[in-house]
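*Asks:* If you scroll down you'll find the structure; I have some questions about it.
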Protein chains: 2
Amino acid sequence: MKAPLASLLWRSLRVYQVFGANTDVGKTVFTTLLGRTAKRRWNDERVTFLKPVSTGSADEADDNHIRRFAEGVAHKTLFQYDIPVSPHTAALASGQPIPSDDALLAKCRSFAAECAAQGRGWLFVETAGGVHSPGPSGNTQADLYIPLRTPTVLIGDSRLGGISQTISAFESLRLRGYDVESIMLFQDAKYENYQYLSEYFAKHHGVPVTSMMSPPARVEDGKEDAAAMSDYYGNKECEDVSADVLEHLDRRHDERIASIESLAAKAHQHIWYPFTQQSLVGTKDIMTIDSAHGDYFQTLMPGKATADEPVLRSSFDGSASWWTQGLGHSNPQLTLAAAYAAGRYGHVMFASAVHQPAMALAQLLLEGMQNPRLNRVFFSDNGSTGTEVAVKMGLRAARVRYGWGTEERLGVLGLKGGYHGDTIGAMDMAEPCAFNEKVEWYEGKGFWFDYPTVLCIDGRWSVTVNQGLSKDIGDGQSYTSLSDIFDVEGREERGEHHRYEEYITKTLAALQERGQKFGSLIIEPIVLGAGGMELVDPLFQRTLVKVVRRSPHLFRTSDDAAPKDEKDWSGLPVIFDEVFTGLYRLGRFTPSSFLGVHPDISVHAKLLTGGLVPLCTTLASEHIFDVFSSNDKTDALLHGHSYTAHPIGCQVALESVKEMQAMEQRGDWAWAKNQGWTSSANAPSTLGADRVWSSWPRDFVQDLSHNTRRVSGAWALGSVLAIHLRDAAGTGYSSNAAQGLREALAKGKDSRDGGPWNVHSRVLGNVLYVMTSQTTSETSVRQIADLLKQSLA
Amino acid sequence: MKAPLASLLWRSLRVYQVFGANTDVGKTVFTTLLGRTAKRRWNDERVTFLKPVSTGSADEADDNHIRRFAEGVAHKTLFQYDIPVSPHTAALASGQPIPSDDALLAKCRSFAAECAAQGRGWLFVETAGGVHSPGPSGNTQADLYIPLRTPTVLIGDSRLGGISQTISAFESLRLRGYDVESIMLFQDAKYENYQYLSEYFAKHHGVPVTSMMSPPARVEDGKEDAAAMSDYYGNKECEDVSADVLEHLDRRHDERIASIESLAAKAHQHIWYPFTQQSLVGTKDIMTIDSAHGDYFQTLMPGKATADEPVLRSSFDGSASWWTQGLGHSNPQLTLAAAYAAGRYGHVMFASAVHQPAMALAQLLLEGMQNPRLNRVFFSDNGSTGTEVAVKMGLRAARVRYGWGTEERLGVLGLKGGYHGDTIGAMDMAEPCAFNEKVEWYEGKGFWFDYPTVLCIDGRWSVTVNQGLSKDIGDGQSYTSLSDIFDVEGREERGEHHRYEEYITKTLAALQERGQKFGSLIIEPIVLGAGGMELVDPLFQRTLVKVVRRSPHLFRTSDDAAPKDEKDWSGLPVIFDEVFTGLYRLGRFTPSSFLGVHPDISVHAKLLTGGLVPLCTTLASEHIFDVFSSNDKTDALLHGHSYTAHPIGCQVALESVKEMQAMEQRGDWAWAKNQGWTSSANAPSTLGADRVWSSWPRDFVQDLSHNTRRVSGAWALGSVLAIHLRDAAGTGYSSNAAQGLREALAKGKDSRDGGPWNVHSRVLGNVLYVMTSQTTSETSVRQIADLLKQSLA
């Protein structure tokens with residue numbers, strides 16, 4: 001889905017999509033029956049059939065059939081092809097332009113909106129062929145219609161083999177998030193599929209199966225045939241049975257809306273939200289998410305919708321669901337990967353055991369990092385646990401090499417505002433701040449450097465230095481482009497790193513003087529996420545790592561063994577927390593490639609599983625691993641979670657990481673790179689500084705920054721856009737400066753065909769950020785950029 | 001699956017299962033073609049067709065067809081029914097006893113084993129109808145054949161609608177973990193399904209699709225028909241195309257074995273294992289898990305299998321995969337729940353948002369606990385994070401009520417050997433021990449009580465008190481049954497709790513005297529899992545909670561606000577870590593029901609998701625929640641993980657918890673309760689002490705304990721069996737006493753039809769435990785009990 005599309009839900013209109021378990025299972029007969037019975041039962045309401053795509057003259061017969069037997073029922077076909085084959089073949093053969101999935105869906109929605117506007121009624125959307133019969137674009141209908149989120153009536157197959165067809169069709173729908181509300185099929189006395197299927201679906205899925213007498217066999221004589229069909233439709237059993245189904249569908253429609261509308265109140269009463277001051281959150285502030293597809297949630301419209309107002313709107317997931325989404329919500333490819341692993345293993349325990357997805361993922365990551373130091377993969381569940389593991393690894397390595405006893409209190413070196421997660425151990429890696437200062441048991445362990453940051457200010461790409469730091473490293477400076485800032489080798493040649501070196505060395509010496517001991521350097525490369533979306537001057541991070549590595553004397557307190565080889569750590573083990581910035585967030589497999597330095601340990605989560613389930617990997621060098629080897633069990637890294645390396649997570653991660661690699665290979669992001677980011681004016685650089693890019697257009701970012709009244713600076717890199725807003729009251733987590741902009745985005749707008757849409761964004765103090773996934777379309781980016789500009793005007 | 005069954009994998013025998021996308025898609029023609037071509041290409045090998053179930057005289061024709069056109073190919077039918085309908089209907093109509101799925105699979109396996117014993121060859125297992133056509137038992141074939149783990153050839157449907165049928169059939173197989181290695185279908189010039197499907201499967205699944213000219217239309221005259229078919233099969237295109245497919249299948253067979261056999265070596269080189277001293281683990285010690293179903297892994301046989309030895313065996317998952325498995329591995333019901341949520345949402349962010357599965361799960365848990373104190377649900381990813389959240393909640397509540405500043409160092413009260421996870425904060429809740437004493441940043445914060453334990457010793461159910469503790473509470477005593485020990489109310493009436501009260505009160509007073517401050521009581525109710533599978537005297541835990549609650553004066557340092565009402569905490573917030581013991585592990589929804597006391601906060605994970613994906617919930621009272629309410633964002637509980645309340649986890653948990661509740665309701669565990677646990681001799685008790693039960697027979701546990709030479713005691717409760725072994729060198733995590741027994745179980749045995757099987761178990765120091773899932777069969781329990789007895793003899 002390239003553009004927003006609100007799902008088809010109105011109080012006034014019961015919309016049901018009719019799928020067939022196969023071709024020729026009686027879809028038209030059942031739809032006709034439902035339509036005519038609806039018209040009799042609710043005779044003052046409008047009943048409409050919509051056939052988005054129709055092929056073959058046979059369908060003309062269907063239209064006639066409906067006209068004849070479902071009197072008073074309106075019907076509409078959106079795309080008609082004459083050849084009686086699958087729509088993708090028919091569309092191709094027609095010579096007409098083939099409608100995109102987006103265009104088809106938008107037409108469905110606007111037609112449904114028209115129906116809804118005309119008062120209470122029913123809309124039956126009839127698909128063509130089986131659930132996976134391809135639509136005009138070639139994508140299968142089951143995939144194509146996901147965004148409509150329309151509850152479904154599945155017409156089962158009553159013939160020999162029909163049990164299998166019906167269950168498989170159901171499963172294909174189910175794993176795409178469809179709610180099948182009713183299954184209907186004919187009573188075939190020989191096979192009695194309906195008996196088996198009734199029990200099956202009652203037991204396994206709680207879905208009612210309704211069977212109906214079969215229609216009369218077709219006879220040659222048209223008149224006789226029509227008379228027989230007329231008798232059939234008029235039969236009391238047919239009418240009663242279809243009336244029962246309709247009552248059920250009517251009730252389910254109301255229940256669905258009631259359920260959606262009650263969720264926020266229930267949540268307000270019973271959910272304890274993460275990272276949320278709930279006294280400031282009323283029921284109306286809770287976003288009810290009915291479903292999600294691609295980059296868009298379907299969320300409940302604020303205020304209670306009247307009968308003909310849409311109940312749902314599409315909301316761009318502007319935080320990428322806390323930075324997790326890579327390949328779009330409800331991606332069938334990832335779903336099938338998850339389902340395959342669930343079906344093959346479920347979860348299997350991992351201590352001294354191995355399974356294929358875990359091993360394959362470990363190898364894929366080790367290879368992808370192109371970091372000769374890394375050779376081991378430790379699995380855990382999330383960034384917090386993964387960074388705790390990393391620090392347990394790093395501290396032990398330092399302690400053993402430098403001969404410190406267990407009583408020795410070791411800290412980490414990091415950056416101010418660095419953040420590594422919410423467990424106590426992860427919090428302890430961060431300096432005291434709003435996130436942790438009131439947390440019981442928090443005790444910051446380490447030292448955190450101040451650093452220069454990168455912002456586009458009033459159209460100029462600048463390295464900025466705050467007042468406190470400027471006395472140490474001097475003032476910041478401006479550059480022609482972001483590429484110039486990322487050209488760290490060129491800047492080194494010009495000696496720009498010297499002032500950083502001096503500051504870092506001097507600081508470390510002073511810390512040593514004071515007797516502080518450190519066991520690791522841990523940083524988020526390039527961007528500090530939770531710490532306020534700060535883009536750190538890459539030259540500073542590179543210099544920090546280099547100084548630490550060549551300065552063992554600033555850390556050790558006695559003679560120490562030298563590094564064993566060039567893959568061994570030196571000075572301190574260097575940990576890169578790439579949970580936020582890794583795996584193509586910033587446009588590259590690993591952000592360490594911007595810095596041109598390799599960590600000894602790196603941590604990966606979030607995008608790792610493409611936005612589906614929790615999983616984290618901590619990668620480490622063999623030298624770090626070796627430190628834990630002995631004949632004593634208790635020297636081991638005594639850490640592990642029950643679901644360590646759960647196969648579902650590993651399989652999904654494999655699929656996800658491979659797909660992102662394939663996207664890079666295929667050049668899927670060419671449109672983004674061409675938005676002013678790469679230009680022949682950039683000098684080639686071994687670290688690829690000339691090729692930094694973002695899904696947000698360069699000119700747009702620069703334009704934003706010209707709004708100096710409201711914007712203090714902005715930057716974009718990879719999928720991230722961060723807007724630093726002016727805040728008279730001072731910045732920080734407690735700032736409310738960005739709330740106004742957030743609310744304007746949340747208000748959103750109406751699109752003609754796609755219905756209402758908005759942008760759900762998150763703020764960090766005075767910073768508002770909007771993040772795309774790795775599959776966001778140019779269209780979406782442009783729409784959001786326009787909305788942002790308007791909102792800031 | 002009720003009994004072990006090794007998957008069908010031998011080096012010598014390429015076994016492929018042939019599924020049809022529908023009936024009448026040409027399965028027999030393709031199988032015949034593959035068989036005859038295999039026989040020509042590998043003419044010194046045996047080629048065999050196996051039809052596990054065959055229905056109708058039409059199938060006799062199939063047999064003749066094969067005999068005539070696939071000369072030299074052996075064929076075998078296991079169950080033949082005459083009526084040409086679906087096997088479940090045919091089997092019922094036959095009047096013969098209906099074979100169970102287990103019996104059918106065992107027959108398949110022993111037939112395949114015979115084939116494998118006869119040298120190199122091929123075995124094609126042909127299913128009946130479509131993938132979900134029901135087998136004789138009524139379960140569909142796609143479900144029924146999962147345990148064979150046989151790679152699959154899917155015969156696609158070339159007719160109108162066949163694209164949909166083929167994709168859906170593929171998905172039904174895929175989500176059950178089948179590896180579809182090849183898809184074959186006829187070339188229908190009109191619909192050209194093969195063209196679409198080739199592209200589709202290449203793009204989405206990397207599965208080759210092969211198309212083949214259609215066979216001649218059937219003609220009336222039998223002789224003519226046979227001649228035409230003979231020409232067809234002899235056609236060079238047919239032979240060449242099927243030879244290509246066979247080469248592919250031949251290669252995939254070898255690749256599969258090579259991949260399985262290489263995993264352990266790769267893991268040895270690149271995986272960093274949780275909780276494992278890897279210098280003690282060689283490649284041969286790493287268990288390679290090819291798949292898992294029900295309670296059994298499929299694992300690589302130790303040593304390199306010769307050509308006709310099985311490559312895999314079934315291994316009972318005796319740790320329930322680190323205590324996670326409830327409803328069996330690869331349970332299609334849970335897979336579909338996971339897939340539905342993935343298809344509907346993927347993951348959606350949860351801060352100030354709500355989605356249906358999260359809300360429904362929250363309500364289900366709150367209701368299930370039947371604890372009037374609990375009203376709020378906080379989601380996190382695993383037990384470690386969930387207990388950290390619990391302690392952050394509890395400590396804050398105590399600090400605020402008792403007016404302690406943030407500088408005040410608060411500890412927790414707990415039990416010796418208690419364990420709450422591996423993150424630093426969770427470790428800090430535990431007293432120093434082998435798990436944490438060498439971990440950097442660990443710093444135990446609290447006081448941990450010693451306690452009496454429960455064991456069956458030499459046939460007598462005893463409360464045992466160690467030497468150190470006996471001077472405080474006197475010696476232990478014996479009871480007639482486990483029920484008598486769990487009758488805490490009866491024991492209170494007899495005053496047995498007085499000595500506990502005195503000990504606890506005295507200890508708390510002394511701690512107060514020393515100035516130690518506490519913010520929470522945290523215990524694992526009933527069983528301390530990681531701490532050595534200790535069954536704690538329930539009367540002690542009950543008394544501990546009661547004393548804490550009525551003794552605010554032992555904790556506060558100044559006047560404090562009284563509890564607001566009877567749902568408010570008193571003394572200290574009481575946290576139950578039910579991660580291991582909750583959700584039917586011990587036979588009940590919550591183990592707090594044994595104690596008759598309600599916690600203020602409880603933590604749930606592991607079984608929560610039935611053994612599929614990580615998820616944890618921390619439940620809390622409204623009074624605890626209220627403490628975090630203010631107008632200041634930074635007073636909130638600042639904790640949250642990216643995948644908080646991920647819909648897949650919530651949906652799977654919903655399905656899983658509801659299914660376990662249904663099992664309880666339906667009486668599915670009656671067989672277990674009837675193993676000597678419940679008897680009319682037990683006095684009825686309000687807390688149901690007369691109804692404690694285990695899946696392990698009572699007599700078996702008592703018998704084990706008679707083996708006093710090797711066993712110091714044993715206990716069983718719910719799904720857990722713990723055997724405490726004598727250890728001359730002293731007990732504890734470093735003990736090796738249980739290793740011998742573990743190795744004997746790992747050696748396992750051979751069953752006639754099911755092939756080799758063994759038990760994978762874990763030890764904790766001198767304790768070996770074996771844990772069932774909530775669906776383990778009586779058969780499996782008996783087999784393992786026998787193996788245990790033999791191994792201990």
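In the structure tokens, the first chain shown is A, the next is B, and so on; residue numbers restart at 1 for each chain, and ligands run from 1 in the order shown.
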When you look at His88 of chain A with a cut-off of 12 Å (counting only C-alpha atoms), what residues show up, excluding the ones that are within fewer than 6 positions of it in the same chain? I need them as a ChimeraX atom specification.
*Replies:* /A:53-55,79-81,94-101,128-129,132-141 /B:163,191-193,195-196
*Asks:* Write out, as a JSON list (two decimals), in the first residue's frame, the residues just selected, with C-alpha atoms.
*Replies:*
[["chain", "number", "residue", "atom", "x", "y", "z"],
["A", 53, "VAL", "CA", -13.38, -7.00, -10.74],
["A", 54, "SER", "CA", -15.43, -9.08, -13.09],
["A", 55, "THR", "CA", -14.29, -11.26, -15.96],
["A", 79, "PHE", "CA", -13.56, -3.24, -13.56],
["A", 80, "GLN", "CA", -15.05, -5.45, -16.23],
["A", 81, "TYR", "CA", -12.97, -7.69, -18.51],
["A", 94, "SER", "CA", -7.79, -6.31, -22.45],
["A", 95, "GLY", "CA", -5.15, -3.85, -23.59],
["A", 96, "GLN", "CA", -6.53, -1.33, -21.09],
["A", 97, "PRO", "CA", -4.25, 0.19, -18.45],
["A", 98, "ILE", "CA", -4.08, -2.19, -15.50],
["A", 99, "PRO", "CA", -5.33, -0.59, -12.27],
["A", 100, "SER", "CA", -2.87, -0.67, -9.39],
["A", 101, "ASP", "CA", -3.95, -2.31, -6.15],
["A", 128, "ALA", "CA", -13.60, -13.47, -8.15],
["A", 129, "GLY", "CA", -12.64, -17.15, -8.12],
["A", 132, "HIS", "CA", -5.82, -16.51, -3.94],
["A", 133, "SER", "CA", -7.05, -15.93, -7.47],
["A", 134, "PRO", "CA", -4.96, -13.06, -8.77],
["A", 135, "GLY", "CA", -6.39, -9.58, -9.11],
["A", 136, "PRO", "CA", -5.68, -7.34, -12.10],
["A", 137, "SER", "CA", -2.22, -6.34, -10.84],
["A", 138, "GLY", "CA", -1.24, -9.97, -10.43],
["A", 139, "ASN", "CA", -1.27, -9.86, -6.63],
["A", 140, "THR", "CA", -3.68, -12.37, -5.21],
["A", 141, "GLN", "CA", -7.00, -11.15, -3.89],
["B", 163, "ILE", "CA", -3.78, -20.84, -8.78],
["B", 191, "TYR", "CA", -5.31, -20.99, -17.86],
["B", 192, "GLU", "CA", -1.52, -21.14, -17.84],
["B", 193, "ASN", "CA", -1.52, -21.53, -14.07],
["B", 195, "GLN", "CA", 3.31, -19.58, -15.56],
["B", 196, "TYR", "CA", 1.81, -17.59, -12.75]]
*Asks:* Quick one: everything within 12 Å of Ala320 of chain B, counting only C-alpha atoms, minus sequence neighbours fewer than 2 positions away in the same chain. Send it as a CSV table (one decimal) with N, CA and C atoms, in the first residue's frame.
*Replies:*
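The new file selection.csv reads:
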chain,number,residue,atom,x,y,z
A,346,GLY,N,7.6,-24.7,17.0
A,346,GLY,CA,7.2,-23.9,18.2
A,346,GLY,C,8.5,-23.3,18.7
A,347,HIS,N,8.7,-23.3,20.0
A,347,HIS,CA,9.9,-22.9,20.5
A,347,HIS,C,10.7,-24.1,21.0
A,348,VAL,N,12.0,-24.1,20.8
A,348,VAL,CA,12.8,-25.2,21.4
A,348,VAL,C,13.9,-24.7,22.2
A,349,MET,N,14.3,-25.4,23.3
A,349,MET,CA,15.3,-24.8,24.2
A,349,MET,C,16.6,-24.7,23.5
A,350,PHE,N,17.4,-23.8,23.9
A,350,PHE,CA,18.6,-23.4,23.1
A,350,PHE,C,19.9,-23.7,23.9
A,642,SER,N,14.2,-17.8,28.7
A,642,SER,CA,13.5,-19.0,28.3
A,642,SER,C,13.4,-19.2,26.8
A,643,TYR,N,13.0,-18.0,26.2
A,643,TYR,CA,12.8,-18.1,24.8
A,643,TYR,C,14.0,-17.7,24.0
B,292,ALA,N,10.2,-30.2,16.0
B,292,ALA,CA,9.6,-30.6,17.3
B,292,ALA,C,8.1,-30.7,17.1
B,293,HIS,N,7.5,-31.7,17.7
B,293,HIS,CA,6.1,-31.8,17.6
B,293,HIS,C,5.6,-32.4,18.9
B,294,GLY,N,4.5,-31.9,19.4
B,294,GLY,CA,4.0,-32.4,20.7
B,294,GLY,C,5.1,-32.2,21.8
B,295,ASP,N,5.4,-33.3,22.5
B,295,ASP,CA,6.4,-33.2,23.5
B,295,ASP,C,7.8,-33.6,23.0
B,296,TYR,N,7.9,-33.9,21.8
B,296,TYR,CA,9.1,-34.5,21.3
B,296,TYR,C,9.9,-33.6,20.3
B,297,PHE,N,11.2,-33.5,20.5
B,297,PHE,CA,12.0,-32.9,19.5
B,297,PHE,C,12.4,-34.1,18.5
B,315,SER,N,13.1,-37.1,20.9
B,315,SER,CA,13.6,-36.8,22.2
B,315,SER,C,12.6,-36.1,23.0
B,316,PHE,N,12.1,-36.7,24.1
B,316,PHE,CA,11.1,-36.1,25.0
B,316,PHE,C,11.7,-34.8,25.5
B,317,ASP,N,11.0,-33.7,25.4
B,317,ASP,CA,11.5,-32.4,25.8
B,317,ASP,C,11.3,-32.3,27.3
B,318,GLY,N,12.2,-32.9,28.1
B,318,GLY,CA,12.0,-33.1,29.5
B,318,GLY,C,12.2,-31.8,30.3
B,322,TRP,N,12.9,-25.3,28.7
B,322,TRP,CA,13.1,-24.3,29.7
B,322,TRP,C,11.8,-23.8,30.3
B,323,TRP,N,10.9,-24.8,30.5
B,323,TRP,CA,9.7,-24.5,31.2
B,323,TRP,C,8.6,-23.7,30.5
B,324,THR,N,8.7,-23.7,29.2
B,324,THR,CA,7.8,-22.9,28.4
B,324,THR,C,6.6,-23.7,27.8
B,325,GLN,N,6.8,-25.0,27.6
B,325,GLN,CA,5.8,-25.7,26.8
B,325,GLN,C,4.5,-26.0,27.5
B,326,GLY,N,3.4,-25.6,27.0
B,326,GLY,CA,2.1,-26.0,27.6
B,326,GLY,C,1.3,-26.9,26.7
B,327,LEU,N,1.2,-26.5,25.4
B,327,LEU,CA,0.2,-27.2,24.5
B,327,LEU,C,1.0,-27.9,23.4
B,328,GLY,N,2.2,-28.3,23.7
B,328,GLY,CA,3.0,-29.1,22.7
B,328,GLY,C,3.6,-28.2,21.6
B,329,HIS,N,4.7,-28.7,21.2
B,329,HIS,CA,5.4,-28.0,20.1
B,329,HIS,C,4.6,-28.0,18.8
B,580,PHE,N,7.5,-19.3,36.7
B,580,PHE,CA,7.6,-20.8,36.5
B,580,PHE,C,6.4,-21.5,37.0
B,585,ARG,N,1.1,-24.9,35.7
B,585,ARG,CA,2.3,-25.7,35.8
B,585,ARG,C,2.1,-26.7,37.0
B,606,LYS,N,6.5,-17.6,30.5
B,606,LYS,CA,6.7,-19.0,30.1
B,606,LYS,C,5.5,-19.6,29.5
B,607,LEU,N,4.7,-20.4,30.4
B,607,LEU,CA,3.5,-21.0,29.9
B,607,LEU,C,2.5,-20.1,29.3
B,610,GLY,N,2.2,-20.5,25.8
B,610,GLY,CA,2.1,-21.9,25.4
B,610,GLY,C,3.4,-22.4,24.8
B,611,GLY,N,4.5,-21.7,25.0
B,611,GLY,CA,5.7,-22.2,24.4
B,611,GLY,C,5.9,-21.8,23.0
B,612,LEU,N,5.7,-20.5,22.7
B,612,LEU,CA,5.9,-20.1,21.3
B,612,LEU,C,6.8,-18.8,21.2
B,719,SER,N,3.0,-30.7,36.6
B,719,SER,CA,3.7,-31.3,35.5
B,719,SER,C,5.2,-31.6,35.9
B,720,VAL,N,5.5,-31.3,37.1
B,720,VAL,CA,7.0,-31.4,37.5
B,720,VAL,C,7.3,-32.6,38.4
B,721,LEU,N,8.3,-33.3,38.0
B,721,LEU,CA,8.9,-34.3,38.8
B,721,LEU,C,10.3,-33.9,39.1
B,759,VAL,N,15.2,-39.2,26.3
B,759,VAL,CA,14.6,-38.1,27.1
B,759,VAL,C,15.7,-37.1,27.3
B,760,HIS,N,15.4,-35.9,26.9
B,760,HIS,CA,16.3,-34.7,27.1
B,760,HIS,C,15.9,-34.1,28.4
B,761,SER,N,16.8,-34.1,29.4
B,761,SER,CA,16.5,-33.5,30.7
B,761,SER,C,17.5,-32.6,31.1
B,762,ARG,N,17.2,-31.7,32.1
B,762,ARG,CA,18.1,-30.8,32.6
B,762,ARG,C,18.4,-31.1,34.1
B,769,TYR,N,15.3,-33.0,37.0
B,769,TYR,CA,13.8,-32.9,36.9
B,769,TYR,C,13.4,-33.2,35.5
B,770,VAL,N,12.2,-33.7,35.4
B,770,VAL,CA,11.5,-34.0,34.2
B,770,VAL,C,10.1,-33.3,34.2
B,771,MET,N,9.9,-32.6,33.2
B,771,MET,CA,8.6,-31.8,33.2
B,771,MET,C,7.8,-32.2,32.0
B,772,THR,N,6.5,-32.4,32.2
B,772,THR,CA,5.6,-32.6,31.1
B,772,THR,C,5.1,-31.3,30.6
B,773,SER,N,4.4,-31.3,29.5
B,773,SER,CA,3.6,-30.2,29.1
B,773,SER,C,2.2,-30.4,29.7
B,774,GLN,N,1.3,-29.6,29.3
B,774,GLN,CA,-0.1,-29.7,29.8
B,774,GLN,C,-0.9,-30.7,28.9
B,775,THR,N,-0.2,-31.2,27.9
B,775,THR,CA,-0.9,-32.1,26.9
B,775,THR,C,-0.2,-33.4,26.9
B,776,THR,N,0.8,-33.6,27.7
B,776,THR,CA,1.5,-34.9,27.6
B,776,THR,C,0.5,-36.1,27.9
*Asks:* As a PyMOL selection string, list the residues of segment 124-179 of chain A assigned to strand (DSSP E or B) by DSSP on the backbone atoms of this structure.
*Replies:* chain A and resi 124-130+134+140+152-155
*Asks:* Please provide the set of residues having any atom within 12 Å of Gly468 of chain A, restricted to only C-alpha atoms, with same-chain residues fewer than 6 positions apart removed, written as a compact mmCIF listing (two decimals) with C-alpha atoms, in the first residue's frame.
*Replies:*
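Output saved as part.txt:
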# COMPACT_ATOMS: atom_id res chain seq x y z
CA PHE A 449 31.21 12.48 27.45
CA ASP A 450 29.58 15.55 26.07
CA TYR A 451 29.82 15.72 22.27
CA PRO A 452 29.18 17.91 19.22
CA GLY A 474 36.01 25.25 20.40
CA ASP A 475 32.98 26.24 18.40
*Asks:* Go through A:Ile575, A:Ile723, A:Leu608, A:Ala339 and flag the residue nearest chain B, using only C-alpha atoms for the distances.
*Replies:*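 Looking at the shortest contact to chain B, the residue is A:Ala339.
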*Asks:* What is the atom CA of His204 of chain A-atom CA of Ile167 of chain A distance in Å, reported with one decimal?
*Replies:*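 These two atoms are separated by 10.8 Å.
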*Asks:* If we count only C-alpha atoms, what is near Thr505 of chain B at a cut-off of 9 Å, once residues fewer than 5 positions away on the same chain are taken out, given as a list in words?
*Replies:* Tyr500, Ala510, Leu544, Val547, Val548, Ser551 and Leu554 of chain B
*Asks:* Could you give me, as a PyMOL selection string, the residues within 9 Å of Ser777 of chain B, counting only C-alpha atoms and dropping anything in the same chain fewer than 6 positions from it?
*Replies:* chain B and resi 1-3+695
*Asks:* Contacts of Asn631 of chain B at 10 Å or less, counting only C-alpha atoms, minus same-chain residues fewer than 3 places along, as a PDB file with N, CA and C atoms, in the first residue's frame?
*Replies:*
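Final output, part.pdb:
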ATOM      1  N   GLN A 277       2.870   8.723  31.838  1.00  0.00           N
ATOM      2  CA  GLN A 277       2.265   9.275  33.053  1.00  0.00           C
ATOM      3  C   GLN A 277       0.760   9.224  32.837  1.00  0.00           C
ATOM      4  N   GLN A 278       0.138   8.198  33.430  1.00  0.00           N
ATOM      5  CA  GLN A 278      -1.253   7.941  33.082  1.00  0.00           C
ATOM      6  C   GLN A 278      -2.248   8.933  33.664  1.00  0.00           C
ATOM      7  N   SER A 279      -1.824   9.694  34.655  1.00  0.00           N
ATOM      8  CA  SER A 279      -2.763  10.696  35.149  1.00  0.00           C
ATOM      9  C   SER A 279      -2.984  11.776  34.095  1.00  0.00           C
ATOM     10  N   LEU A 280      -2.074  11.855  33.119  1.00  0.00           N
ATOM     11  CA  LEU A 280      -2.218  12.852  32.048  1.00  0.00           C
ATOM     12  C   LEU A 280      -2.918  12.264  30.817  1.00  0.00           C
TER      13      LEU A 280
ATOM     14  N   PHE B 628       2.154   5.947  41.242  1.00  0.00           N
ATOM     15  CA  PHE B 628       2.919   6.524  40.137  1.00  0.00           C
ATOM     16  C   PHE B 628       2.197   7.689  39.455  1.00  0.00           C
ATOM     17  N   THR B 634       7.953  12.352  34.948  1.00  0.00           N
ATOM     18  CA  THR B 634       9.050  11.524  35.440  1.00  0.00           C
ATOM     19  C   THR B 634       8.672  10.713  36.680  1.00  0.00           C
ATOM     20  N   ASP B 635       7.455  10.912  37.199  1.00  0.00           N
ATOM     21  CA  ASP B 635       6.990  10.037  38.279  1.00  0.00           C
ATOM     22  C   ASP B 635       6.431   8.722  37.729  1.00  0.00           C
ATOM     23  N   ALA B 636       6.211   8.664  36.425  1.00  0.00           N
ATOM     24  CA  ALA B 636       5.614   7.460  35.830  1.00  0.00           C
ATOM     25  C   ALA B 636       6.565   6.274  35.969  1.00  0.00           C
TER      26      ALA B 636
END
*Asks:* In Å, with one decimal, what is the gap from atom CA of Ile648 of chain A to atom CA of His604 of chain B?
*Replies:*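 We find that atom CA of Ile648 of chain A and atom CA of His604 of chain B lie 20.6 Å from each other.
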*Asks:* Give me every alpha helix (DSSP H) residue in segment 350-527 of chain A, going by DSSP on the backbone, as a PyMOL selection string.
*Replies:* chain A and resi 356-369+383-402+424-427+467-473+482-486+488-493+498-513
*Asks:* Using Å and a single decimal, report how far atom CA of Ser384 of chain B sits from atom CA of His724 of chain B.
*Replies:*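 Distance reported for this atom pair: 26.5 Å.
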